[in-house]
$ cat entry_11.txt   # compact mmCIF, C-alpha atoms
# COMPACT_ATOMS: atom_id res chain seq x y z
CA MET A 30 -249.63 -42.85 -227.64
CA PRO A 31 -246.15 -42.09 -226.30
CA MET A 32 -244.05 -45.04 -225.24
CA GLU A 33 -244.98 -46.24 -221.78
CA ASP A 34 -242.43 -45.04 -219.22
CA LYS A 35 -240.34 -47.47 -217.21
CA LYS A 36 -242.42 -47.02 -214.07
CA ARG A 37 -245.75 -47.62 -215.80
CA ALA A 38 -244.25 -50.69 -217.48
CA ALA A 39 -243.12 -52.06 -214.09
CA TYR A 40 -246.62 -51.65 -212.68
CA ARG A 41 -248.04 -53.30 -215.80
CA ALA A 42 -245.79 -56.32 -215.12
CA LEU A 43 -247.26 -56.57 -211.60
CA GLU A 44 -250.82 -56.29 -212.95
CA ASP A 45 -250.24 -59.00 -215.56
CA ARG A 46 -248.64 -61.34 -213.05
CA VAL A 47 -251.36 -61.19 -210.40
CA ARG A 48 -254.20 -61.34 -212.88
CA SER A 49 -252.98 -63.94 -215.35
CA GLY A 50 -249.97 -65.81 -213.93
CA GLU A 51 -250.03 -69.04 -211.94
CA GLY A 52 -252.17 -68.94 -208.81
CA ARG A 53 -254.49 -70.84 -206.49
CA ALA A 54 -257.56 -68.81 -207.47
CA SER A 55 -258.51 -69.22 -211.14
CA PRO A 56 -257.47 -66.51 -213.64
CA GLU A 57 -261.17 -65.77 -214.13
CA GLN A 58 -261.70 -65.22 -210.38
CA ARG A 59 -258.60 -63.02 -210.26
CA ALA A 60 -259.75 -61.00 -213.28
CA ARG A 61 -263.08 -60.38 -211.54
CA ALA A 62 -261.35 -59.36 -208.32
CA PHE A 63 -259.14 -57.03 -210.37
CA ARG A 64 -262.23 -55.41 -211.94
CA GLY A 65 -263.84 -55.15 -208.49
CA SER A 66 -266.96 -57.31 -208.84
CA GLY A 67 -268.49 -60.48 -210.19
CA LEU A 68 -267.51 -62.99 -207.50
CA GLY A 69 -270.83 -62.84 -205.63
CA GLN A 70 -271.24 -62.34 -201.90
CA PRO A 71 -269.51 -62.34 -199.53
CA LEU A 72 -266.42 -61.81 -201.73
CA ASP A 73 -267.73 -58.74 -203.53
CA GLY A 74 -268.39 -57.11 -200.16
CA LEU A 75 -264.83 -57.75 -198.94
CA LEU A 76 -263.18 -56.76 -202.21
CA GLY A 77 -265.37 -53.66 -202.56
CA LYS A 78 -264.03 -52.49 -199.20
CA VAL A 79 -260.45 -53.30 -200.24
CA ALA A 80 -260.92 -51.01 -203.24
CA VAL A 81 -262.92 -48.13 -201.79
CA ARG A 82 -262.76 -48.17 -197.97
CA PRO A 83 -259.85 -50.41 -197.00
CA ALA A 84 -259.64 -48.99 -193.48
CA GLN A 85 -263.08 -50.50 -192.85
CA VAL A 86 -262.16 -54.11 -193.66
CA THR A 87 -262.82 -56.31 -190.59
CA ASP A 88 -261.98 -59.78 -189.30
CA GLU A 89 -265.63 -60.66 -189.97
CA ASP A 90 -265.23 -59.88 -193.69
CA PHE A 91 -262.44 -62.47 -193.88
CA ALA A 92 -264.38 -64.95 -191.71
CA ALA A 93 -267.36 -64.72 -194.08
CA ALA A 94 -265.11 -65.30 -197.10
CA ARG A 95 -263.52 -68.35 -195.44
CA ALA A 96 -266.96 -69.70 -194.54
CA ALA A 97 -267.86 -69.42 -198.25
CA GLY A 98 -265.00 -71.85 -198.98
CA PHE A 99 -262.08 -69.60 -199.92
CA SER A 100 -258.65 -70.59 -198.60
CA ASP A 101 -256.11 -68.15 -197.15
CA ASP A 102 -254.02 -68.42 -200.31
CA GLU A 103 -256.98 -67.67 -202.54
CA LEU A 104 -257.90 -64.67 -200.37
CA PHE A 105 -254.28 -63.47 -200.42
CA GLU A 106 -254.43 -63.44 -204.23
CA LEU A 107 -257.91 -61.97 -204.62
CA VAL A 108 -257.32 -59.13 -202.15
CA ILE A 109 -254.07 -58.27 -203.96
CA CYS A 110 -255.89 -58.33 -207.32
CA ALA A 111 -258.56 -55.95 -205.97
CA ALA A 112 -255.94 -53.52 -204.60
CA VAL A 113 -253.79 -53.63 -207.74
CA GLY A 114 -256.82 -53.30 -210.03
CA TRP A 115 -258.13 -50.24 -208.24
CA SER A 116 -254.69 -48.61 -208.16
CA ALA A 117 -254.11 -49.37 -211.85
CA ARG A 118 -257.33 -47.53 -212.72
CA LEU A 119 -256.21 -44.51 -210.65
CA TYR A 120 -252.83 -44.58 -212.36
CA ASP A 121 -254.41 -44.70 -215.83
CA ALA A 122 -256.94 -41.97 -214.99
CA GLY A 123 -254.06 -39.70 -213.94
CA LEU A 124 -252.00 -40.45 -217.05
CA ALA A 125 -255.04 -39.93 -219.33
CA ALA A 126 -255.80 -36.53 -217.75
CA LEU A 127 -252.13 -35.57 -218.18
CA ALA A 128 -252.12 -36.64 -221.85
CA GLU A 129 -255.30 -34.62 -222.44
CA ALA A 130 -253.81 -31.52 -220.80
CA ILE A 131 -250.62 -31.80 -222.86
CA ALA A 132 -252.52 -32.37 -226.11
CA GLY A 133 -254.56 -29.22 -225.32
CA GLU A 134 -251.40 -27.18 -224.64
CA GLU A 135 -249.76 -28.34 -227.87
CA ALA A 136 -252.91 -27.53 -229.88
CA GLY A 137 -253.10 -24.13 -228.16
CA ASN A 138 -249.45 -23.37 -228.98
CA ALA A 139 -249.70 -24.38 -232.64
CA PRO A 140 -248.86 -21.51 -235.06
CA MET B 28 -252.34 -60.08 -189.86
CA ARG B 29 -255.76 -61.37 -190.84
CA LEU B 30 -254.47 -64.22 -192.98
CA ASP B 31 -252.70 -66.91 -191.01
CA VAL B 32 -250.41 -67.66 -193.95
CA LEU B 33 -249.01 -64.12 -193.67
CA ASN B 34 -248.14 -64.69 -190.02
CA HIS B 35 -246.70 -68.19 -190.25
CA GLY B 36 -246.43 -69.38 -193.86
CA TYR B 37 -242.71 -68.77 -194.45
CA SER B 38 -239.86 -71.09 -195.37
CA PRO B 39 -237.17 -71.87 -192.76
CA GLY B 40 -234.73 -69.57 -194.62
CA THR B 41 -237.16 -66.66 -194.51
CA LYS B 42 -237.89 -67.30 -190.82
CA LEU B 43 -234.15 -67.15 -190.15
CA LEU B 44 -233.94 -63.85 -192.04
CA PHE B 45 -236.79 -62.45 -189.94
CA ALA B 46 -234.97 -63.53 -186.77
CA LEU B 47 -231.82 -61.70 -187.94
CA ILE B 48 -233.82 -58.56 -188.73
CA ARG B 49 -235.31 -58.66 -185.21
CA LEU B 50 -231.88 -59.21 -183.72
CA PHE B 51 -230.15 -56.35 -185.54
CA SER B 52 -232.95 -53.79 -185.59
CA ARG B 53 -234.16 -54.70 -182.06
CA GLN B 54 -237.66 -54.18 -183.52
CA PRO B 55 -240.35 -56.55 -184.78
CA VAL B 56 -240.27 -57.31 -188.53
CA PRO B 57 -242.78 -54.87 -190.06
CA ASP B 58 -245.79 -56.57 -191.66
CA ALA B 59 -245.00 -54.64 -194.87
CA ALA B 60 -241.74 -56.60 -195.09
CA LYS B 61 -243.45 -59.92 -194.29
CA LEU B 62 -246.04 -59.41 -197.02
CA VAL B 63 -243.43 -59.17 -199.79
CA PHE B 64 -241.72 -62.35 -198.56
CA TYR B 65 -244.89 -64.44 -198.79
CA ARG B 66 -245.00 -66.26 -202.15
CA PRO B 67 -242.80 -63.48 -203.62
CA ASP B 68 -243.30 -64.74 -207.16
CA PHE B 69 -247.00 -63.83 -206.92
CA TYR B 70 -246.73 -60.26 -205.62
CA GLY B 71 -243.61 -59.33 -203.67
CA SER B 72 -240.91 -59.45 -206.35
CA ARG B 73 -242.69 -57.26 -208.88
CA ALA B 74 -244.17 -55.00 -206.20
CA LYS B 75 -240.67 -54.35 -204.84
CA ASP B 76 -239.27 -53.64 -208.32
CA PHE B 77 -242.02 -51.15 -209.06
CA THR B 78 -241.97 -49.47 -205.66
CA HIS B 79 -238.19 -49.12 -205.71
CA GLU B 80 -238.32 -47.59 -209.20
CA ALA B 81 -241.08 -45.17 -208.14
CA MET B 82 -239.45 -44.16 -204.84
CA ARG B 83 -235.72 -44.35 -205.59
CA GLY B 84 -235.44 -44.46 -209.39
CA PRO B 85 -234.40 -41.39 -211.42
CA SER B 86 -236.72 -38.42 -210.83
CA ALA B 87 -236.60 -34.65 -210.52
CA TRP B 88 -238.48 -35.17 -207.20
CA SER B 89 -236.21 -35.74 -204.22
CA VAL B 90 -236.52 -38.87 -202.09
CA GLY B 91 -238.03 -36.67 -199.36
CA ASP B 92 -240.65 -35.30 -201.78
CA ARG B 93 -241.64 -38.81 -202.86
CA GLU B 94 -241.83 -40.08 -199.28
CA LEU B 95 -243.99 -37.06 -198.47
CA MET B 96 -246.30 -37.94 -201.38
CA ALA B 97 -246.51 -41.50 -200.01
CA ALA B 98 -247.42 -40.17 -196.56
CA TYR B 99 -249.99 -37.75 -198.02
CA VAL B 100 -251.71 -40.40 -200.17
CA SER B 101 -251.77 -42.67 -197.10
CA MET B 102 -253.37 -39.92 -195.03
CA VAL B 103 -256.16 -39.53 -197.61
CA ASN B 104 -256.64 -43.32 -197.47
CA GLU B 105 -256.55 -43.25 -193.63
CA SER B 106 -253.91 -45.97 -193.72
CA ALA B 107 -252.36 -45.75 -190.24
CA PHE B 108 -249.41 -48.06 -190.96
CA CYS B 109 -248.39 -46.22 -194.14
CA ILE B 110 -248.86 -42.75 -192.61
CA GLY B 111 -246.52 -43.77 -189.77
CA ALA B 112 -243.95 -45.40 -192.03
CA HIS B 113 -243.73 -42.68 -194.68
CA SER B 114 -244.06 -39.62 -192.47
CA ALA B 115 -241.08 -41.04 -190.51
CA THR B 116 -239.15 -41.65 -193.74
CA ALA B 117 -239.98 -38.20 -195.20
CA THR B 118 -238.97 -36.60 -191.88
CA GLN B 119 -235.58 -38.33 -191.91
CA ALA B 120 -235.03 -37.62 -195.62
CA TYR B 121 -235.77 -33.90 -195.25
CA GLN B 122 -234.34 -33.66 -191.71
CA ASP B 123 -237.44 -31.54 -191.10
CA ARG B 124 -240.25 -32.89 -188.94
CA ALA B 125 -242.19 -29.61 -188.90
CA LYS B 126 -242.52 -29.50 -192.68
CA VAL B 127 -243.94 -33.04 -192.89
CA GLN B 128 -246.33 -32.42 -190.00
CA ALA B 129 -247.48 -29.14 -191.58
CA VAL B 130 -248.30 -30.82 -194.91
CA LEU B 131 -250.29 -33.57 -193.20
CA ALA B 132 -252.15 -31.05 -191.00
CA ASP B 133 -253.00 -28.47 -193.69
CA LEU B 134 -251.53 -28.71 -197.18
CA GLU B 135 -252.65 -25.23 -198.24
CA SER B 136 -250.77 -23.38 -195.48
CA ALA B 137 -247.74 -25.71 -195.33
CA PRO B 138 -244.27 -24.28 -196.14
CA VAL B 139 -243.65 -26.16 -199.42
CA GLU B 140 -243.05 -25.01 -203.00
CA ASP B 141 -246.12 -24.37 -205.14
CA GLY B 142 -245.31 -27.18 -207.59
CA LEU B 143 -245.11 -29.76 -204.80
CA ARG B 144 -248.25 -28.38 -203.16
CA ALA B 145 -250.21 -28.55 -206.43
CA THR B 146 -248.93 -32.09 -207.04
CA LEU B 147 -249.96 -33.27 -203.57
CA ARG B 148 -253.38 -31.65 -204.07
CA MET B 149 -253.86 -33.54 -207.36
CA LEU B 150 -252.73 -36.85 -205.83
CA GLY B 151 -255.12 -36.32 -202.92
CA ARG B 152 -258.02 -35.67 -205.24
CA LEU B 153 -257.21 -38.65 -207.46
CA THR B 154 -256.95 -40.91 -204.41
CA ARG B 155 -260.12 -39.56 -202.77
CA ASP B 156 -262.39 -39.27 -205.83
CA GLY B 157 -260.86 -41.91 -208.09
CA LYS B 158 -260.64 -39.46 -210.98
CA ALA B 159 -258.46 -36.74 -212.43
CA GLU B 160 -259.29 -33.87 -214.77
CA ALA B 161 -257.12 -32.34 -217.48
CA GLU B 162 -257.64 -29.01 -215.70
CA ASP B 163 -255.85 -30.37 -212.58
CA MET B 164 -252.90 -31.28 -214.78
CA ARG B 165 -252.88 -27.89 -216.54
CA GLN B 166 -252.60 -26.25 -213.13
CA LEU B 167 -249.58 -28.41 -212.30
CA ILE B 168 -247.89 -27.54 -215.58
CA SER B 169 -248.51 -23.82 -215.01
CA ALA B 170 -246.99 -24.20 -211.53
CA GLY B 171 -243.81 -25.38 -213.30
CA VAL B 172 -244.17 -29.15 -212.80
CA SER B 173 -242.83 -31.07 -215.81
CA ARG B 174 -244.71 -33.85 -217.57
CA GLN B 175 -242.15 -36.37 -216.29
CA GLN B 176 -242.60 -35.12 -212.74
CA VAL B 177 -246.37 -35.65 -213.00
CA GLU B 178 -245.79 -39.18 -214.30
CA ASP B 179 -243.32 -39.84 -211.48
CA ALA B 180 -245.82 -38.57 -208.89
CA LEU B 181 -248.54 -40.81 -210.35
CA ALA B 182 -246.21 -43.80 -209.92
CA VAL B 183 -245.76 -42.96 -206.22
CA CYS B 184 -249.53 -42.62 -205.96
CA ALA B 185 -250.09 -46.06 -207.53
CA ALA B 186 -247.49 -47.67 -205.25
CA PHE B 187 -249.05 -46.34 -202.06
CA ASN B 188 -252.63 -46.81 -203.07
CA THR B 189 -251.68 -50.46 -203.54
CA THR B 190 -249.60 -50.85 -200.37
CA GLY B 191 -252.04 -48.88 -198.21
CA ARG B 192 -254.98 -51.00 -199.35
CA LEU B 193 -253.08 -54.18 -198.52
CA ALA B 194 -251.91 -52.77 -195.16
CA ASP B 195 -255.45 -52.04 -194.07
CA SER B 196 -257.09 -55.09 -195.63
CA PHE B 197 -254.58 -57.58 -194.23
CA GLY B 198 -254.39 -55.65 -190.95
CA PHE B 199 -250.74 -54.59 -190.65
CA GLU B 200 -249.79 -53.98 -187.04
CA VAL B 201 -249.02 -50.30 -186.43
CA LEU B 202 -245.47 -50.02 -185.08
CA SER B 203 -244.17 -47.96 -182.17
CA PRO B 204 -242.50 -44.64 -183.09
CA GLU B 205 -239.13 -46.41 -182.58
CA GLY B 206 -240.25 -49.18 -184.95
CA PHE B 207 -241.19 -46.66 -187.65
CA GLU B 208 -237.89 -44.77 -187.13
CA ALA B 209 -235.92 -48.01 -187.58
CA GLY B 210 -237.97 -48.84 -190.71
CA ALA B 211 -237.34 -45.35 -192.12
CA ARG B 212 -233.57 -45.69 -191.62
CA TYR B 213 -233.72 -48.99 -193.51
CA LEU B 214 -235.78 -47.52 -196.38
CA LEU B 215 -233.37 -44.60 -196.77
CA ARG B 216 -230.32 -46.86 -196.71
CA ARG B 217 -231.57 -49.72 -198.83
CA GLY B 218 -234.74 -48.61 -200.61
CA TYR B 219 -237.57 -50.98 -201.39
CA ARG B 220 -235.77 -53.83 -203.17
$ encode --input "entry_11.txt" --output "C-alpha cells"
Amino acid sequence: MPMEDKKRAAYRALEDRVRSGEGRASPEQRARAFRGSGLGQPLDGLLGKVAVRPAQVTDEDFAAARAAGFSDDELFELVICAAVGWSARLYDAGLAALAEAIAGEEAGNAP
Amino acid sequence: MRLDVLNHGYSPGTKLLFALIRLFSRQPVPDAAKLVFYRPDFYGSRAKDFTHEAMRGPSAWSVGDRELMAAYVSMVNESAFCIGAHSATATQAYQDRAKVQAVLADLESAPVEDGLRATLRMLGRLTRDGKAEAEDMRQLISAGVSRQQVEDALAVCAAFNTTGRLADSFGFEVLSPEGFEAGARYLLRRGYR
C-alpha cells in the first residue's frame, strides 16, 4: 500500500477521535453507530437515515431516541459517528477503486 | 437545530464570538459554524482541519473546482444548506454564476472541462450508490485527471458527505441568499479553519 496521503490521514484522525476518544456515549455504542447498526430501535432507524437518507430525518426520529433514554450529548456523538462512518466507507471505496485502476494500468504497461 | 445543545450549549466566550459575527456580518451565525464550536474537541477541531486541507490545501484543482464538487455532492445528497453554501462559494470563486448553475442543472451539457466533468460524475455516482468501480477511475485517468487529483476529489467528497449528513440530520436552517453570500465571502477569505 502507498503511504496514506495527508488528507486521508486527517480524516483518519477524525474517525479515530469520534469512535474511540472520550465521550458521553460508550466507545462500543459509538463503534456501532459508526458501522451503522447494532444499537436497536429507535436508534438504528435514526442512524440509518443519517447514513442513507439524511434529508428524511425528522423531529420525531430525535424525539423517539430521547424517549428511549438518550441525552442530547449522546445523540450529538452518535449522529456524528454515523455520518463519519458512512463517509469513511465512501472515501475508502473510492481510494480502493483508484488503486485497482492504477495497478491494472501498471500491469498493462509492463514490458 | 434539532438538538437543544447545538442551539444553546455554548460557553460565554463562544456566545460573545457569535454576537460579534452577527454584528459584523449583519447575518445570523450559520448553523455550520455553530456545529464546529460545540464541544470542538469531539468533532469540530479535527473536522475543520480536514475540511480546510481538502478545500484549501495544495491541489491541482482550483478552489472554485473544489467548491463546485462540494455543491455537486450536496445536490446528489439533496442537502439544501450545503447546496446553497457551496454553490454561492463556487460562484464567487469562479466569478461565474452561469457555469455553476449549468453543472447543477445538467452536468453532461455544462461548459466545463472533460476531466472535471468526469470527476464530478464519479463523485456523484459514489455518493448516490455508495460504491466506485475501477472502470470509473480508468475513465478519469484517460480524461487526463492525475492520481493525486482523484485522491483530492475524494477528500472533498468525504468532507461534504459528512457535513451534508450532519446539516440535514441536525436540521441546519437554510440561509437567505444574502446569508449564503456573506458565508461564501468568509470561506474564500478565511477557509474552513
$ residues_around --input "entry_11.txt" --residues "region 61-72 of chain A" --least-positions-apart "2" --cutoff "8 Å" --atoms "all atoms listed in the file" --output "ChimeraX atom specification"
/A:48,57-59,74-77,80,90,93-94,97,107-108,110-115
$ residues_around --input "entry_11.txt" --residues "region 39-41 of chain A" --least-positions-apart "4" --cutoff "12 Å" --atoms "all atoms listed in the file" --output "PyMOL selection string"
(chain A and resi 33-35+45-49+113-114+116-118+120-121) or (chain B and resi 70+72-81+84+181-186+189)
$ residues_around --input "entry_11.txt" --residues "region 105-122 of chain B" --least-positions-apart "3" --cutoff "6 Å" --atoms "only C-alpha atoms" --output "PyMOL selection string"
chain B and resi 91+94-95+98+101-102+191+201+207-208+211
$ atom_distance --input "entry_11.txt" --atom1 "CA of Met82 (chain B)" --atom2 "CA of Val79 (chain A)"
23.4 Å
$ closest_residue --input "entry_11.txt" --among "B:Tyr99, B:Thr146, B:Tyr65, B:Glu160" --to "Gln128 (chain B)" --atoms "all atoms listed in the file"
B:Tyr99
$ closest_residue --input "entry_11.txt" --among "B:Ala137, B:Val63, B:Leu44, B:Leu153" --to "chain A" --atoms "only C-alpha atoms"
B:Leu153
$ atom_distance --input "entry_11.txt" --atom1 "CA of Leu124 (chain A)" --atom2 "CA of Val130 (chain B)"
24.4 Å
$ closest_residue --input "entry_11.txt" --among "A:Ala96, A:Ala60, A:Ala54, A:Ile131" --to "chain B" --atoms "all atoms listed in the file"
A:Ile131
$ atom_distance --input "entry_11.txt" --atom1 "CA of Arg152 (chain B)" --atom2 "CA of Val90 (chain B)"
22.0 Å
$ residues_near_point --input "entry_11.txt" --point "(-252.2, -53.1, -189.2)" --cutoff "10 Å" --atoms "only C-alpha atoms" --output "number ranges by chain"
A: 84; B: 28-29, 57-59, 106-109, 191, 193-202
$ residues_near_point --input "entry_11.txt" --point "(-251.5, -30.5, -194.3)" --cutoff "12 Å" --atoms "all atoms listed in the file" --output "NGL selection string"
:B and (95-96 or 98-100 or 102-103 or 114 or 125-139 or 144 or 147-148 or 151)
$ write_last_selection --input "entry_11.txt" --atoms "C-alpha atoms" --output "PDB file, in the frame of the given file"
ATOM      1  CA  LEU B  95    -243.990 -37.060-198.470  1.00  0.00           C
ATOM      2  CA  MET B  96    -246.300 -37.940-201.380  1.00  0.00           C
ATOM      3  CA  ALA B  98    -247.420 -40.170-196.560  1.00  0.00           C
ATOM      4  CA  TYR B  99    -249.990 -37.750-198.020  1.00  0.00           C
ATOM      5  CA  VAL B 100    -251.710 -40.400-200.170  1.00  0.00           C
ATOM      6  CA  MET B 102    -253.370 -39.920-195.030  1.00  0.00           C
ATOM      7  CA  VAL B 103    -256.160 -39.530-197.610  1.00  0.00           C
ATOM      8  CA  SER B 114    -244.060 -39.620-192.470  1.00  0.00           C
ATOM      9  CA  ALA B 125    -242.190 -29.610-188.900  1.00  0.00           C
ATOM     10  CA  LYS B 126    -242.520 -29.500-192.680  1.00  0.00           C
ATOM     11  CA  VAL B 127    -243.940 -33.040-192.890  1.00  0.00           C
ATOM     12  CA  GLN B 128    -246.330 -32.420-190.000  1.00  0.00           C
ATOM     13  CA  ALA B 129    -247.480 -29.140-191.580  1.00  0.00           C
ATOM     14  CA  VAL B 130    -248.300 -30.820-194.910  1.00  0.00           C
ATOM     15  CA  LEU B 131    -250.290 -33.570-193.200  1.00  0.00           C
ATOM     16  CA  ALA B 132    -252.150 -31.050-191.000  1.00  0.00           C
ATOM     17  CA  ASP B 133    -253.000 -28.470-193.690  1.00  0.00           C
ATOM     18  CA  LEU B 134    -251.530 -28.710-197.180  1.00  0.00           C
ATOM     19  CA  GLU B 135    -252.650 -25.230-198.240  1.00  0.00           C
ATOM     20  CA  SER B 136    -250.770 -23.380-195.480  1.00  0.00           C
ATOM     21  CA  ALA B 137    -247.740 -25.710-195.330  1.00  0.00           C
ATOM     22  CA  PRO B 138    -244.270 -24.280-196.140  1.00  0.00           C
ATOM     23  CA  VAL B 139    -243.650 -26.160-199.420  1.00  0.00           C
ATOM     24  CA  ARG B 144    -248.250 -28.380-203.160  1.00  0.00           C
ATOM     25  CA  LEU B 147    -249.960 -33.270-203.570  1.00  0.00           C
ATOM     26  CA  ARG B 148    -253.380 -31.650-204.070  1.00  0.00           C
ATOM     27  CA  GLY B 151    -255.120 -36.320-202.920  1.00  0.00           C
TER      28      GLY B 151
END
$ residues_around --input "entry_11.txt" --residues "Ala126 (chain A)" --least-positions-apart "5" --cutoff "7 Å" --atoms "all atoms listed in the file" --output "number ranges by chain"
B: 159-161, 164
$ write_last_selection --input "entry_11.txt" --atoms "C-alpha atoms" --output "mmCIF file, keeping the file's coordinate frame"
data_model
loop_
_atom_site.group_PDB
_atom_site.id
_atom_site.type_symbol
_atom_site.label_atom_id
_atom_site.label_comp_id
_atom_site.auth_asym_id
_atom_site.auth_seq_id
_atom_site.Cartn_x
_atom_site.Cartn_y
_atom_site.Cartn_z
ATOM 1 C CA ALA B 159 -258.460 -36.740 -212.430
ATOM 2 C CA GLU B 160 -259.290 -33.870 -214.770
ATOM 3 C CA ALA B 161 -257.120 -32.340 -217.480
ATOM 4 C CA MET B 164 -252.900 -31.280 -214.780
#
$ closest_residue --input "entry_11.txt" --among "A:Ser100, A:Pro83, A:Glu44, A:Asp73" --to "chain B" --atoms "all atoms listed in the file"
A:Pro83
$ axis_aligned_box --input "entry_11.txt" --around "region 58-64 of chain B" --padding-each-side "6 Å" --output "JSON"
{"center_x": -243.9, "center_y": -58.5, "center_z": -195.7, "size_x": 16.3, "size_y": 19.7, "size_z": 20.1}
$ closest_residue --input "entry_11.txt" --among "A:Val81, A:Ala136, A:Leu127, A:Ala92" --to "chain B" --atoms "all atoms listed in the file"
A:Leu127
$ closest_residue --input "entry_11.txt" --among "B:Lys42, B:His35, B:Arg49, B:Arg217" --to "chain A" --atoms "only C-alpha atoms"
B:His35
$ build_atoms --input "entry_11.txt" --residues "region 79-98 of chain B" --atoms "N, CA and C atoms" --output "tab-separated table (two decimals), in the coordinates of the input"
chain	number	residue	atom	x	y	z
B	79	HIS	N	-239.55	-49.66	-205.74
B	79	HIS	CA	-238.19	-49.12	-205.71
B	79	HIS	C	-237.98	-48.12	-206.85
B	80	GLU	N	-238.46	-48.48	-208.04
B	80	GLU	CA	-238.32	-47.59	-209.20
B	80	GLU	C	-239.06	-46.27	-208.95
B	81	ALA	N	-240.28	-46.38	-208.39
B	81	ALA	CA	-241.08	-45.17	-208.14
B	81	ALA	C	-240.44	-44.29	-207.06
B	82	MET	N	-239.90	-44.92	-206.01
B	82	MET	CA	-239.45	-44.16	-204.84
B	82	MET	C	-237.98	-43.79	-204.88
B	83	ARG	N	-237.17	-44.58	-205.60
B	83	ARG	CA	-235.72	-44.35	-205.59
B	83	ARG	C	-235.13	-44.27	-206.99
B	84	GLY	N	-235.93	-44.55	-208.02
B	84	GLY	CA	-235.44	-44.46	-209.39
B	84	GLY	C	-235.21	-43.00	-209.77
B	85	PRO	N	-234.68	-42.76	-210.99
B	85	PRO	CA	-234.40	-41.39	-211.42
B	85	PRO	C	-235.67	-40.53	-211.40
B	86	SER	N	-235.58	-39.34	-210.85
B	86	SER	CA	-236.72	-38.42	-210.83
B	86	SER	C	-236.22	-37.04	-210.44
B	87	ALA	N	-236.91	-36.01	-210.95
B	87	ALA	CA	-236.60	-34.65	-210.52
B	87	ALA	C	-237.12	-34.41	-209.10
B	88	TRP	N	-238.04	-35.26	-208.60
B	88	TRP	CA	-238.48	-35.17	-207.20
B	88	TRP	C	-237.42	-35.79	-206.30
B	89	SER	N	-237.16	-35.15	-205.17
B	89	SER	CA	-236.21	-35.74	-204.22
B	89	SER	C	-236.85	-36.95	-203.53
B	90	VAL	N	-236.00	-37.74	-202.88
B	90	VAL	CA	-236.52	-38.87	-202.09
B	90	VAL	C	-237.49	-38.35	-201.02
B	91	GLY	N	-237.15	-37.24	-200.38
B	91	GLY	CA	-238.03	-36.67	-199.36
B	91	GLY	C	-239.39	-36.29	-199.94
B	92	ASP	N	-239.38	-35.68	-201.13
B	92	ASP	CA	-240.65	-35.30	-201.78
B	92	ASP	C	-241.51	-36.54	-202.03
B	93	ARG	N	-240.87	-37.60	-202.52
B	93	ARG	CA	-241.64	-38.81	-202.86
B	93	ARG	C	-242.15	-39.51	-201.60
B	94	GLU	N	-241.35	-39.50	-200.54
B	94	GLU	CA	-241.83	-40.08	-199.28
B	94	GLU	C	-242.98	-39.25	-198.72
B	95	LEU	N	-242.90	-37.92	-198.91
B	95	LEU	CA	-243.99	-37.06	-198.47
B	95	LEU	C	-245.27	-37.34	-199.26
B	96	MET	N	-245.13	-37.57	-200.57
B	96	MET	CA	-246.30	-37.94	-201.38
B	96	MET	C	-246.90	-39.26	-200.87
B	97	ALA	N	-246.03	-40.21	-200.53
B	97	ALA	CA	-246.51	-41.50	-200.01
B	97	ALA	C	-247.28	-41.29	-198.71
B	98	ALA	N	-246.75	-40.44	-197.84
B	98	ALA	CA	-247.42	-40.17	-196.56
B	98	ALA	C	-248.76	-39.45	-196.81
